[in-house]
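J.: I am sharing run-v9.cif, which consists of mmCIF, N, CA, C and O atoms:
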```cif
data_protein
#
loop_
_atom_site.group_PDB
_atom_site.id
_atom_site.type_symbol
_atom_site.label_atom_id
_atom_site.label_comp_id
_atom_site.auth_asym_id
_atom_site.auth_seq_id
_atom_site.Cartn_x
_atom_site.Cartn_y
_atom_site.Cartn_z
ATOM 1 N N MET A 225 117.076 105.306 101.387
ATOM 2 C CA MET A 225 116.995 105.241 99.937
ATOM 3 C C MET A 225 116.257 106.480 99.433
ATOM 4 O O MET A 225 115.141 106.753 99.867
ATOM 5 N N PRO A 226 116.858 107.252 98.545
ATOM 6 C CA PRO A 226 116.184 108.460 98.053
ATOM 7 C C PRO A 226 114.941 108.129 97.234
ATOM 8 O O PRO A 226 114.887 107.117 96.557
ATOM 9 N N VAL A 227 113.972 108.996 97.341
ATOM 10 C CA VAL A 227 112.736 108.852 96.579
ATOM 11 C C VAL A 227 112.676 110.011 95.590
ATOM 12 O O VAL A 227 112.614 111.169 95.996
ATOM 13 N N LYS A 228 112.709 109.690 94.313
ATOM 14 C CA LYS A 228 112.656 110.722 93.276
ATOM 15 C C LYS A 228 111.204 110.951 92.879
ATOM 16 O O LYS A 228 110.432 110.012 92.715
ATOM 17 N N VAL A 229 110.858 112.213 92.724
ATOM 18 C CA VAL A 229 109.508 112.605 92.333
ATOM 19 C C VAL A 229 109.606 113.502 91.106
ATOM 20 O O VAL A 229 110.414 114.425 91.074
ATOM 21 N N LYS A 230 108.773 113.202 90.109
ATOM 22 C CA LYS A 230 108.718 114.037 88.905
ATOM 23 C C LYS A 230 107.268 114.401 88.627
ATOM 24 O O LYS A 230 106.367 113.596 88.847
ATOM 25 N N ILE A 231 107.069 115.615 88.147
ATOM 26 C CA ILE A 231 105.746 116.038 87.716
ATOM 27 C C ILE A 231 105.874 116.631 86.316
ATOM 28 O O ILE A 231 106.708 117.501 86.078
ATOM 29 N N ASP A 232 105.068 116.119 85.411
ATOM 30 C CA ASP A 232 105.050 116.620 84.037
ATOM 31 C C ASP A 232 103.935 117.655 83.954
ATOM 32 O O ASP A 232 102.764 117.317 83.786
ATOM 33 N N ARG A 233 104.308 118.905 84.095
ATOM 34 C CA ARG A 233 103.308 119.977 84.135
ATOM 35 C C ARG A 233 102.543 120.113 82.823
ATOM 36 O O ARG A 233 101.434 120.624 82.808
ATOM 37 N N SER A 234 103.111 119.624 81.726
ATOM 38 C CA SER A 234 102.395 119.691 80.446
ATOM 39 C C SER A 234 101.205 118.728 80.418
ATOM 40 O O SER A 234 100.251 118.937 79.678
ATOM 41 N N LYS A 235 101.249 117.682 81.238
ATOM 42 C CA LYS A 235 100.138 116.724 81.329
ATOM 43 C C LYS A 235 99.120 117.116 82.399
ATOM 44 O O LYS A 235 98.007 116.615 82.412
ATOM 45 N N CYS A 236 99.512 117.975 83.310
ATOM 46 C CA CYS A 236 98.693 118.325 84.472
ATOM 47 C C CYS A 236 97.358 118.953 84.062
ATOM 48 O O CYS A 236 97.315 119.841 83.217
ATOM 49 N N VAL A 237 96.285 118.465 84.695
ATOM 50 C CA VAL A 237 94.950 119.024 84.446
ATOM 51 C C VAL A 237 94.455 119.842 85.646
ATOM 52 O O VAL A 237 93.284 120.177 85.729
ATOM 53 N N VAL A 238 95.338 120.147 86.571
ATOM 54 C CA VAL A 238 95.082 120.999 87.741
ATOM 55 C C VAL A 238 93.944 120.458 88.620
ATOM 56 O O VAL A 238 93.092 121.196 89.088
ATOM 57 N N ALA A 239 93.947 119.153 88.835
ATOM 58 C CA ALA A 239 92.957 118.545 89.732
ATOM 59 C C ALA A 239 93.336 118.753 91.201
ATOM 60 O O ALA A 239 92.488 118.665 92.078
ATOM 61 N N HIS A 240 94.614 119.004 91.460
ATOM 62 C CA HIS A 240 95.152 119.311 92.789
ATOM 63 C C HIS A 240 95.079 118.168 93.803
ATOM 64 O O HIS A 240 95.169 118.409 95.001
ATOM 65 N N PHE A 241 94.936 116.942 93.335
ATOM 66 C CA PHE A 241 95.007 115.813 94.265
ATOM 67 C C PHE A 241 96.386 115.739 94.906
ATOM 68 O O PHE A 241 96.520 115.360 96.065
ATOM 69 N N CYS A 242 97.418 116.123 94.153
ATOM 70 C CA CYS A 242 98.782 116.095 94.697
ATOM 71 C C CYS A 242 98.915 117.059 95.875
ATOM 72 O O CYS A 242 99.583 116.749 96.861
ATOM 73 N N LEU A 243 98.264 118.209 95.778
ATOM 74 C CA LEU A 243 98.319 119.175 96.879
ATOM 75 C C LEU A 243 97.615 118.632 98.112
ATOM 76 O O LEU A 243 97.988 118.956 99.244
ATOM 77 N N PHE A 244 96.608 117.803 97.901
ATOM 78 C CA PHE A 244 95.871 117.209 99.018
ATOM 79 C C PHE A 244 96.681 116.088 99.672
ATOM 80 O O PHE A 244 96.797 116.031 100.895
ATOM 81 N N TYR A 245 97.239 115.185 98.859
ATOM 82 C CA TYR A 245 97.919 114.010 99.401
ATOM 83 C C TYR A 245 99.345 114.279 99.866
ATOM 84 O O TYR A 245 99.833 113.578 100.757
ATOM 85 N N ALA A 246 100.019 115.225 99.257
ATOM 86 C CA ALA A 246 101.407 115.517 99.633
ATOM 87 C C ALA A 246 101.642 117.031 99.648
ATOM 88 O O ALA A 246 102.409 117.563 98.859
ATOM 89 N N PRO A 247 100.986 117.734 100.565
ATOM 90 C CA PRO A 247 101.043 119.203 100.560
ATOM 91 C C PRO A 247 102.407 119.802 100.885
ATOM 92 O O PRO A 247 102.644 120.962 100.566
ATOM 93 N N THR A 248 103.299 119.042 101.495
ATOM 94 C CA THR A 248 104.631 119.585 101.760
ATOM 95 C C THR A 248 105.565 119.404 100.569
ATOM 96 O O THR A 248 106.593 120.063 100.486
ATOM 97 N N VAL A 249 105.189 118.527 99.644
ATOM 98 C CA VAL A 249 106.020 118.250 98.469
ATOM 99 C C VAL A 249 105.551 119.054 97.266
ATOM 100 O O VAL A 249 106.356 119.644 96.551
ATOM 101 N N PHE A 250 104.250 119.088 97.031
ATOM 102 C CA PHE A 250 103.680 119.802 95.896
ATOM 103 C C PHE A 250 103.038 121.104 96.361
ATOM 104 O O PHE A 250 102.269 121.111 97.321
ATOM 105 N N ILE A 251 103.368 122.184 95.677
ATOM 106 C CA ILE A 251 102.788 123.492 95.999
ATOM 107 C C ILE A 251 102.291 124.129 94.705
ATOM 108 O O ILE A 251 102.773 123.790 93.622
ATOM 109 N N PRO A 252 101.331 125.064 94.793
ATOM 110 C CA PRO A 252 100.851 125.717 93.569
ATOM 111 C C PRO A 252 101.959 126.553 92.926
ATOM 112 O O PRO A 252 102.696 127.251 93.607
ATOM 113 N N GLY A 253 102.051 126.463 91.619
ATOM 114 C CA GLY A 253 103.001 127.263 90.864
ATOM 115 C C GLY A 253 102.264 128.249 89.982
ATOM 116 O O GLY A 253 101.065 128.492 90.156
ATOM 117 N N ASP A 254 102.960 128.812 89.014
ATOM 118 C CA ASP A 254 102.346 129.750 88.070
ATOM 119 C C ASP A 254 101.170 129.098 87.354
ATOM 120 O O ASP A 254 101.253 127.944 86.937
ATOM 121 N N GLY A 255 100.081 129.836 87.246
ATOM 122 C CA GLY A 255 98.898 129.321 86.567
ATOM 123 C C GLY A 255 98.155 128.266 87.362
ATOM 124 O O GLY A 255 97.254 127.623 86.849
ATOM 125 N N GLY A 256 98.545 128.065 88.622
ATOM 126 C CA GLY A 256 97.870 127.095 89.467
ATOM 127 C C GLY A 256 98.401 125.681 89.345
ATOM 128 O O GLY A 256 98.066 124.819 90.148
ATOM 129 N N LYS A 257 99.220 125.418 88.321
ATOM 130 C CA LYS A 257 99.773 124.073 88.170
ATOM 131 C C LYS A 257 100.815 123.828 89.250
ATOM 132 O O LYS A 257 101.650 124.696 89.523
ATOM 133 N N PRO A 258 100.779 122.650 89.859
ATOM 134 C CA PRO A 258 101.702 122.381 90.951
ATOM 135 C C PRO A 258 103.152 122.261 90.510
ATOM 136 O O PRO A 258 103.448 121.924 89.362
ATOM 137 N N VAL A 259 104.041 122.535 91.459
ATOM 138 C CA VAL A 259 105.482 122.380 91.297
ATOM 139 C C VAL A 259 106.003 121.660 92.532
ATOM 140 O O VAL A 259 105.312 121.564 93.544
ATOM 141 N N ILE A 260 107.237 121.179 92.437
ATOM 142 C CA ILE A 260 107.884 120.587 93.601
ATOM 143 C C ILE A 260 108.338 121.724 94.520
ATOM 144 O O ILE A 260 108.926 122.708 94.073
ATOM 145 N N SER A 261 108.056 121.585 95.791
ATOM 146 C CA SER A 261 108.461 122.589 96.778
ATOM 147 C C SER A 261 109.973 122.829 96.706
ATOM 148 O O SER A 261 110.739 121.881 96.531
ATOM 149 N N PRO A 262 110.416 124.079 96.843
ATOM 150 C CA PRO A 262 111.862 124.369 96.809
ATOM 151 C C PRO A 262 112.674 123.532 97.792
ATOM 152 O O PRO A 262 113.829 123.233 97.542
ATOM 153 N N GLU A 263 112.054 123.150 98.885
ATOM 154 C CA GLU A 263 112.736 122.329 99.894
ATOM 155 C C GLU A 263 113.198 120.986 99.309
ATOM 156 O O GLU A 263 114.208 120.433 99.730
ATOM 157 N N TYR A 264 112.453 120.466 98.322
ATOM 158 C CA TYR A 264 112.746 119.151 97.753
ATOM 159 C C TYR A 264 113.171 119.199 96.290
ATOM 160 O O TYR A 264 113.575 118.180 95.731
ATOM 161 N N ALA A 265 113.048 120.351 95.648
ATOM 162 C CA ALA A 265 113.350 120.468 94.218
ATOM 163 C C ALA A 265 114.826 120.214 93.939
ATOM 164 O O ALA A 265 115.700 120.572 94.727
ATOM 165 N N SER A 266 115.053 119.612 92.789
ATOM 166 C CA SER A 266 116.410 119.337 92.339
ATOM 167 C C SER A 266 116.385 119.354 90.817
ATOM 168 O O SER A 266 115.692 118.554 90.197
ATOM 169 N N GLY A 267 117.085 120.287 90.225
ATOM 170 C CA GLY A 267 117.089 120.352 88.765
ATOM 171 C C GLY A 267 115.862 121.030 88.188
ATOM 172 O O GLY A 267 115.447 120.715 87.083
ATOM 173 N N GLY A 268 115.258 121.919 88.932
ATOM 174 C CA GLY A 268 114.096 122.641 88.430
ATOM 175 C C GLY A 268 112.864 122.399 89.274
ATOM 176 O O GLY A 268 112.924 121.749 90.312
ATOM 177 N N ILE A 269 111.744 122.906 88.800
ATOM 178 C CA ILE A 269 110.495 122.837 89.574
ATOM 179 C C ILE A 269 109.702 121.560 89.326
ATOM 180 O O ILE A 269 108.710 121.302 89.986
ATOM 181 N N GLU A 270 110.140 120.746 88.359
ATOM 182 C CA GLU A 270 109.377 119.551 87.997
ATOM 183 C C GLU A 270 109.948 118.257 88.558
ATOM 184 O O GLU A 270 109.362 117.200 88.353
ATOM 185 N N GLU A 271 111.061 118.311 89.262
ATOM 186 C CA GLU A 271 111.592 117.083 89.842
ATOM 187 C C GLU A 271 112.361 117.372 91.115
ATOM 188 O O GLU A 271 112.817 118.488 91.347
ATOM 189 N N GLY A 272 112.454 116.342 91.930
ATOM 190 C CA GLY A 272 113.173 116.492 93.177
ATOM 191 C C GLY A 272 113.264 115.185 93.928
ATOM 192 O O GLY A 272 112.865 114.132 93.424
ATOM 193 N N TYR A 273 113.808 115.267 95.127
ATOM 194 C CA TYR A 273 113.978 114.108 95.992
ATOM 195 C C TYR A 273 113.324 114.395 97.336
ATOM 196 O O TYR A 273 113.473 115.483 97.872
ATOM 197 N N VAL A 274 112.621 113.389 97.843
ATOM 198 C CA VAL A 274 111.974 113.530 99.144
ATOM 199 C C VAL A 274 112.504 112.449 100.072
ATOM 200 O O VAL A 274 112.955 111.393 99.618
ATOM 201 N N PRO A 275 112.444 112.681 101.380
ATOM 202 C CA PRO A 275 112.876 111.659 102.326
ATOM 203 C C PRO A 275 111.923 110.457 102.309
ATOM 204 O O PRO A 275 110.753 110.570 101.946
ATOM 205 N N GLU A 276 112.448 109.342 102.719
ATOM 206 C CA GLU A 276 111.689 108.088 102.741
ATOM 207 C C GLU A 276 110.364 108.221 103.497
ATOM 208 O O GLU A 276 109.364 107.624 103.113
ATOM 209 N N GLU A 277 110.362 109.025 104.556
ATOM 210 C CA GLU A 277 109.123 109.135 105.350
ATOM 211 C C GLU A 277 107.965 109.795 104.580
ATOM 212 O O GLU A 277 106.818 109.723 105.007
ATOM 213 N N LEU A 278 108.259 110.428 103.446
ATOM 214 C CA LEU A 278 107.198 111.010 102.617
ATOM 215 C C LEU A 278 106.792 110.111 101.449
ATOM 216 O O LEU A 278 105.936 110.465 100.650
ATOM 217 N N TYR A 279 107.383 108.920 101.382
ATOM 218 C CA TYR A 279 107.110 108.008 100.271
ATOM 219 C C TYR A 279 105.614 107.711 100.114
ATOM 220 O O TYR A 279 105.070 107.807 99.021
ATOM 221 N N ASP A 280 104.951 107.342 101.192
ATOM 222 C CA ASP A 280 103.523 106.988 101.106
ATOM 223 C C ASP A 280 102.691 108.159 100.593
ATOM 224 O O ASP A 280 101.765 107.965 99.803
ATOM 225 N N GLN A 281 103.008 109.367 101.031
ATOM 226 C CA GLN A 281 102.253 110.542 100.578
ATOM 227 C C GLN A 281 102.418 110.783 99.086
ATOM 228 O O GLN A 281 101.438 111.000 98.380
ATOM 229 N N VAL A 282 103.660 110.732 98.591
ATOM 230 C CA VAL A 282 103.869 110.999 97.168
ATOM 231 C C VAL A 282 103.329 109.869 96.304
ATOM 232 O O VAL A 282 102.854 110.098 95.189
ATOM 233 N N LYS A 283 103.345 108.633 96.821
ATOM 234 C CA LYS A 283 102.743 107.515 96.079
ATOM 235 C C LYS A 283 101.233 107.689 95.978
ATOM 236 O O LYS A 283 100.639 107.368 94.944
ATOM 237 N N GLU A 284 100.605 108.176 97.033
ATOM 238 C CA GLU A 284 99.165 108.444 96.974
ATOM 239 C C GLU A 284 98.865 109.547 95.962
ATOM 240 O O GLU A 284 97.897 109.471 95.208
ATOM 241 N N ALA A 285 99.700 110.573 95.938
ATOM 242 C CA ALA A 285 99.528 111.647 94.956
ATOM 243 C C ALA A 285 99.654 111.085 93.548
ATOM 244 O O ALA A 285 98.853 111.406 92.657
ATOM 245 N N GLU A 286 100.642 110.230 93.336
ATOM 246 C CA GLU A 286 100.831 109.594 92.022
ATOM 247 C C GLU A 286 99.604 108.752 91.659
ATOM 248 O O GLU A 286 99.089 108.821 90.537
ATOM 249 N N ARG A 287 99.136 107.962 92.585
ATOM 250 C CA ARG A 287 98.009 107.055 92.348
ATOM 251 C C ARG A 287 96.717 107.800 92.010
ATOM 252 O O ARG A 287 95.929 107.352 91.192
ATOM 253 N N HIS A 288 96.513 108.943 92.622
ATOM 254 C CA HIS A 288 95.265 109.689 92.428
ATOM 255 C C HIS A 288 95.330 110.734 91.317
ATOM 256 O O HIS A 288 94.306 111.342 90.994
ATOM 257 N N CYS A 289 96.491 110.951 90.724
ATOM 258 C CA CYS A 289 96.616 111.956 89.663
ATOM 259 C C CYS A 289 95.853 111.490 88.422
ATOM 260 O O CYS A 289 96.202 110.469 87.815
ATOM 261 N N PRO A 290 94.796 112.207 88.041
ATOM 262 C CA PRO A 290 93.967 111.743 86.909
ATOM 263 C C PRO A 290 94.678 111.794 85.556
ATOM 264 O O PRO A 290 94.321 111.056 84.646
ATOM 265 N N SER A 291 95.701 112.632 85.434
ATOM 266 C CA SER A 291 96.397 112.748 84.162
ATOM 267 C C SER A 291 97.707 111.960 84.123
ATOM 268 O O SER A 291 98.432 112.005 83.137
ATOM 269 N N ARG A 292 98.000 111.265 85.230
ATOM 270 C CA ARG A 292 99.238 110.482 85.331
ATOM 271 C C ARG A 292 100.488 111.352 85.133
ATOM 272 O O ARG A 292 101.468 110.924 84.553
ATOM 273 N N ALA A 293 100.416 112.576 85.616
ATOM 274 C CA ALA A 293 101.517 113.520 85.457
ATOM 275 C C ALA A 293 102.615 113.329 86.494
ATOM 276 O O ALA A 293 103.707 113.844 86.345
ATOM 277 N N ILE A 294 102.333 112.559 87.552
ATOM 278 C CA ILE A 294 103.289 112.375 88.643
ATOM 279 C C ILE A 294 103.903 110.980 88.567
ATOM 280 O O ILE A 294 103.184 110.003 88.393
ATOM 281 N N LYS A 295 105.208 110.938 88.722
ATOM 282 C CA LYS A 295 105.937 109.671 88.755
ATOM 283 C C LYS A 295 106.819 109.661 90.000
ATOM 284 O O LYS A 295 107.469 110.658 90.306
ATOM 285 N N VAL A 296 106.836 108.543 90.694
ATOM 286 C CA VAL A 296 107.612 108.378 91.922
ATOM 287 C C VAL A 296 108.506 107.154 91.757
ATOM 288 O O VAL A 296 108.035 106.099 91.344
ATOM 289 N N TYR A 297 109.788 107.328 92.063
ATOM 290 C CA TYR A 297 110.769 106.259 91.898
ATOM 291 C C TYR A 297 111.614 106.126 93.154
ATOM 292 O O TYR A 297 112.061 107.139 93.682
ATOM 293 N N ARG A 298 111.840 104.905 93.571
ATOM 294 C CA ARG A 298 112.848 104.665 94.613
ATOM 295 C C ARG A 298 114.160 104.394 93.899
ATOM 296 O O ARG A 298 114.212 103.582 92.995
ATOM 297 N N GLU A 299 115.218 105.079 94.296
ATOM 298 C CA GLU A 299 116.513 104.886 93.632
ATOM 299 C C GLU A 299 117.477 104.137 94.508
ATOM 300 O O GLU A 299 117.395 104.117 95.675
#
```
As structure tokens, how would this structure be written, given the file I've shared?
T.:
Amino acid sequence: MPVKVKIDRSKCVVAHFCLFYAPTVFIPGDGGKPVISPEYASGGIEEGYVPEELYDQVKEAERHCPSRAIKVYRE
């Protein structure tokens, strides 16, 4: 089952918890705000799909994001 990940960079406060919890999915972008790694990006730098085995990592990133900029969906 694909796991969709979205990051709203306009809400991001650059706390970098996402880089800690899911470093293969989230990488630093321009201005230090994270983006989805090109390996997983789909439709731009703010959304993509990750394999099921990364679900727990991206959920932890979502849970710890202080600005609630990250959303994770199972499709």
J.: Skipping near chain neighbours, those fewer than 4 positions away, what residues fall within 4.5 Å of region 271-273 of chain A using all atoms listed in the file, listed as a list of chain:residue names?
T.: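 My list of contacting residues is A:Val227, A:Lys228, A:Val229, A:Lys230, A:Tyr264, A:Ala265, A:Ser266.
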J.: Can you give me, as a PyMOL selection string, the residues this file yields under the PyMOL selection byres (((chain A and resi 286-297 and name CA) around 9) and name CA)?
T.: chain A and resi 226-237+239-242+245+279+281-285+298-299
J.: For N, CA, C and O atoms, I'd like the residues from the last selection saved as an mmCIF file, in the frame of the given file.
T.:
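Written file, out-v2.cif:
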```cif
data_model
loop_
_atom_site.group_PDB
_atom_site.id
_atom_site.type_symbol
_atom_site.label_atom_id
_atom_site.label_comp_id
_atom_site.auth_asym_id
_atom_site.auth_seq_id
_atom_site.Cartn_x
_atom_site.Cartn_y
_atom_site.Cartn_z
ATOM 1 N N PRO A 226 116.858 107.252 98.545
ATOM 2 C CA PRO A 226 116.184 108.460 98.053
ATOM 3 C C PRO A 226 114.941 108.129 97.234
ATOM 4 O O PRO A 226 114.887 107.117 96.557
ATOM 5 N N VAL A 227 113.972 108.996 97.341
ATOM 6 C CA VAL A 227 112.736 108.852 96.579
ATOM 7 C C VAL A 227 112.676 110.011 95.590
ATOM 8 O O VAL A 227 112.614 111.169 95.996
ATOM 9 N N LYS A 228 112.709 109.690 94.313
ATOM 10 C CA LYS A 228 112.656 110.722 93.276
ATOM 11 C C LYS A 228 111.204 110.951 92.879
ATOM 12 O O LYS A 228 110.432 110.012 92.715
ATOM 13 N N VAL A 229 110.858 112.213 92.724
ATOM 14 C CA VAL A 229 109.508 112.605 92.333
ATOM 15 C C VAL A 229 109.606 113.502 91.106
ATOM 16 O O VAL A 229 110.414 114.425 91.074
ATOM 17 N N LYS A 230 108.773 113.202 90.109
ATOM 18 C CA LYS A 230 108.718 114.037 88.905
ATOM 19 C C LYS A 230 107.268 114.401 88.627
ATOM 20 O O LYS A 230 106.367 113.596 88.847
ATOM 21 N N ILE A 231 107.069 115.615 88.147
ATOM 22 C CA ILE A 231 105.746 116.038 87.716
ATOM 23 C C ILE A 231 105.874 116.631 86.316
ATOM 24 O O ILE A 231 106.708 117.501 86.078
ATOM 25 N N ASP A 232 105.068 116.119 85.411
ATOM 26 C CA ASP A 232 105.050 116.620 84.037
ATOM 27 C C ASP A 232 103.935 117.655 83.954
ATOM 28 O O ASP A 232 102.764 117.317 83.786
ATOM 29 N N ARG A 233 104.308 118.905 84.095
ATOM 30 C CA ARG A 233 103.308 119.977 84.135
ATOM 31 C C ARG A 233 102.543 120.113 82.823
ATOM 32 O O ARG A 233 101.434 120.624 82.808
ATOM 33 N N SER A 234 103.111 119.624 81.726
ATOM 34 C CA SER A 234 102.395 119.691 80.446
ATOM 35 C C SER A 234 101.205 118.728 80.418
ATOM 36 O O SER A 234 100.251 118.937 79.678
ATOM 37 N N LYS A 235 101.249 117.682 81.238
ATOM 38 C CA LYS A 235 100.138 116.724 81.329
ATOM 39 C C LYS A 235 99.120 117.116 82.399
ATOM 40 O O LYS A 235 98.007 116.615 82.412
ATOM 41 N N CYS A 236 99.512 117.975 83.310
ATOM 42 C CA CYS A 236 98.693 118.325 84.472
ATOM 43 C C CYS A 236 97.358 118.953 84.062
ATOM 44 O O CYS A 236 97.315 119.841 83.217
ATOM 45 N N VAL A 237 96.285 118.465 84.695
ATOM 46 C CA VAL A 237 94.950 119.024 84.446
ATOM 47 C C VAL A 237 94.455 119.842 85.646
ATOM 48 O O VAL A 237 93.284 120.177 85.729
ATOM 49 N N ALA A 239 93.947 119.153 88.835
ATOM 50 C CA ALA A 239 92.957 118.545 89.732
ATOM 51 C C ALA A 239 93.336 118.753 91.201
ATOM 52 O O ALA A 239 92.488 118.665 92.078
ATOM 53 N N HIS A 240 94.614 119.004 91.460
ATOM 54 C CA HIS A 240 95.152 119.311 92.789
ATOM 55 C C HIS A 240 95.079 118.168 93.803
ATOM 56 O O HIS A 240 95.169 118.409 95.001
ATOM 57 N N PHE A 241 94.936 116.942 93.335
ATOM 58 C CA PHE A 241 95.007 115.813 94.265
ATOM 59 C C PHE A 241 96.386 115.739 94.906
ATOM 60 O O PHE A 241 96.520 115.360 96.065
ATOM 61 N N CYS A 242 97.418 116.123 94.153
ATOM 62 C CA CYS A 242 98.782 116.095 94.697
ATOM 63 C C CYS A 242 98.915 117.059 95.875
ATOM 64 O O CYS A 242 99.583 116.749 96.861
ATOM 65 N N TYR A 245 97.239 115.185 98.859
ATOM 66 C CA TYR A 245 97.919 114.010 99.401
ATOM 67 C C TYR A 245 99.345 114.279 99.866
ATOM 68 O O TYR A 245 99.833 113.578 100.757
ATOM 69 N N TYR A 279 107.383 108.920 101.382
ATOM 70 C CA TYR A 279 107.110 108.008 100.271
ATOM 71 C C TYR A 279 105.614 107.711 100.114
ATOM 72 O O TYR A 279 105.070 107.807 99.021
ATOM 73 N N GLN A 281 103.008 109.367 101.031
ATOM 74 C CA GLN A 281 102.253 110.542 100.578
ATOM 75 C C GLN A 281 102.418 110.783 99.086
ATOM 76 O O GLN A 281 101.438 111.000 98.380
ATOM 77 N N VAL A 282 103.660 110.732 98.591
ATOM 78 C CA VAL A 282 103.869 110.999 97.168
ATOM 79 C C VAL A 282 103.329 109.869 96.304
ATOM 80 O O VAL A 282 102.854 110.098 95.189
ATOM 81 N N LYS A 283 103.345 108.633 96.821
ATOM 82 C CA LYS A 283 102.743 107.515 96.079
ATOM 83 C C LYS A 283 101.233 107.689 95.978
ATOM 84 O O LYS A 283 100.639 107.368 94.944
ATOM 85 N N GLU A 284 100.605 108.176 97.033
ATOM 86 C CA GLU A 284 99.165 108.444 96.974
ATOM 87 C C GLU A 284 98.865 109.547 95.962
ATOM 88 O O GLU A 284 97.897 109.471 95.208
ATOM 89 N N ALA A 285 99.700 110.573 95.938
ATOM 90 C CA ALA A 285 99.528 111.647 94.956
ATOM 91 C C ALA A 285 99.654 111.085 93.548
ATOM 92 O O ALA A 285 98.853 111.406 92.657
ATOM 93 N N ARG A 298 111.840 104.905 93.571
ATOM 94 C CA ARG A 298 112.848 104.665 94.613
ATOM 95 C C ARG A 298 114.160 104.394 93.899
ATOM 96 O O ARG A 298 114.212 103.582 92.995
ATOM 97 N N GLU A 299 115.218 105.079 94.296
ATOM 98 C CA GLU A 299 116.513 104.886 93.632
ATOM 99 C C GLU A 299 117.477 104.137 94.508
ATOM 100 O O GLU A 299 117.395 104.117 95.675
#
```
J.: Would you compute the box with edges along x, y and z of the file around region 249-266 of chain A, including every atom the file lists for it and 5 Å extra on each side, and give its centre and edge lengths in Å to one decimal, as AutoDock Vina command-line options?
T.:
```
--center_x 106.8 --center_y 124.0 --center_z 93.2 --size_x 29.2 --size_y 21.7 --size_z 23.3
```
J.: Which residues, written as a list in words, have at least one atom at most 8 Å from Leu243 (chain A), with all atoms listed in the file counted and residues fewer than 6 positions away on the same chain left out?
T.: Val249, Phe250, Ile251, Pro252, Pro258 and Ala285 of chain A
J.: Let me see the file: selected residues, N, CA, C and O atoms, as a compact mmCIF listing (two decimals), keeping the file's coordinate frame.
T.:
```txt
# COMPACT_ATOMS: atom_id res chain seq x y z
N VAL A 249 105.19 118.53 99.64
CA VAL A 249 106.02 118.25 98.47
C VAL A 249 105.55 119.05 97.27
O VAL A 249 106.36 119.64 96.55
N PHE A 250 104.25 119.09 97.03
CA PHE A 250 103.68 119.80 95.90
C PHE A 250 103.04 121.10 96.36
O PHE A 250 102.27 121.11 97.32
N ILE A 251 103.37 122.18 95.68
CA ILE A 251 102.79 123.49 96.00
C ILE A 251 102.29 124.13 94.70
O ILE A 251 102.77 123.79 93.62
N PRO A 252 101.33 125.06 94.79
CA PRO A 252 100.85 125.72 93.57
C PRO A 252 101.96 126.55 92.93
O PRO A 252 102.70 127.25 93.61
N PRO A 258 100.78 122.65 89.86
CA PRO A 258 101.70 122.38 90.95
C PRO A 258 103.15 122.26 90.51
O PRO A 258 103.45 121.92 89.36
N ALA A 285 99.70 110.57 95.94
CA ALA A 285 99.53 111.65 94.96
C ALA A 285 99.65 111.08 93.55
O ALA A 285 98.85 111.41 92.66
```
J.: Give the strand (DSSP E or B) residues of chain A, as DSSP finds them on the backbone, and put them as number ranges by chain.
T.: A: 227-231, 250-252, 258-260, 265, 271-274, 294-298
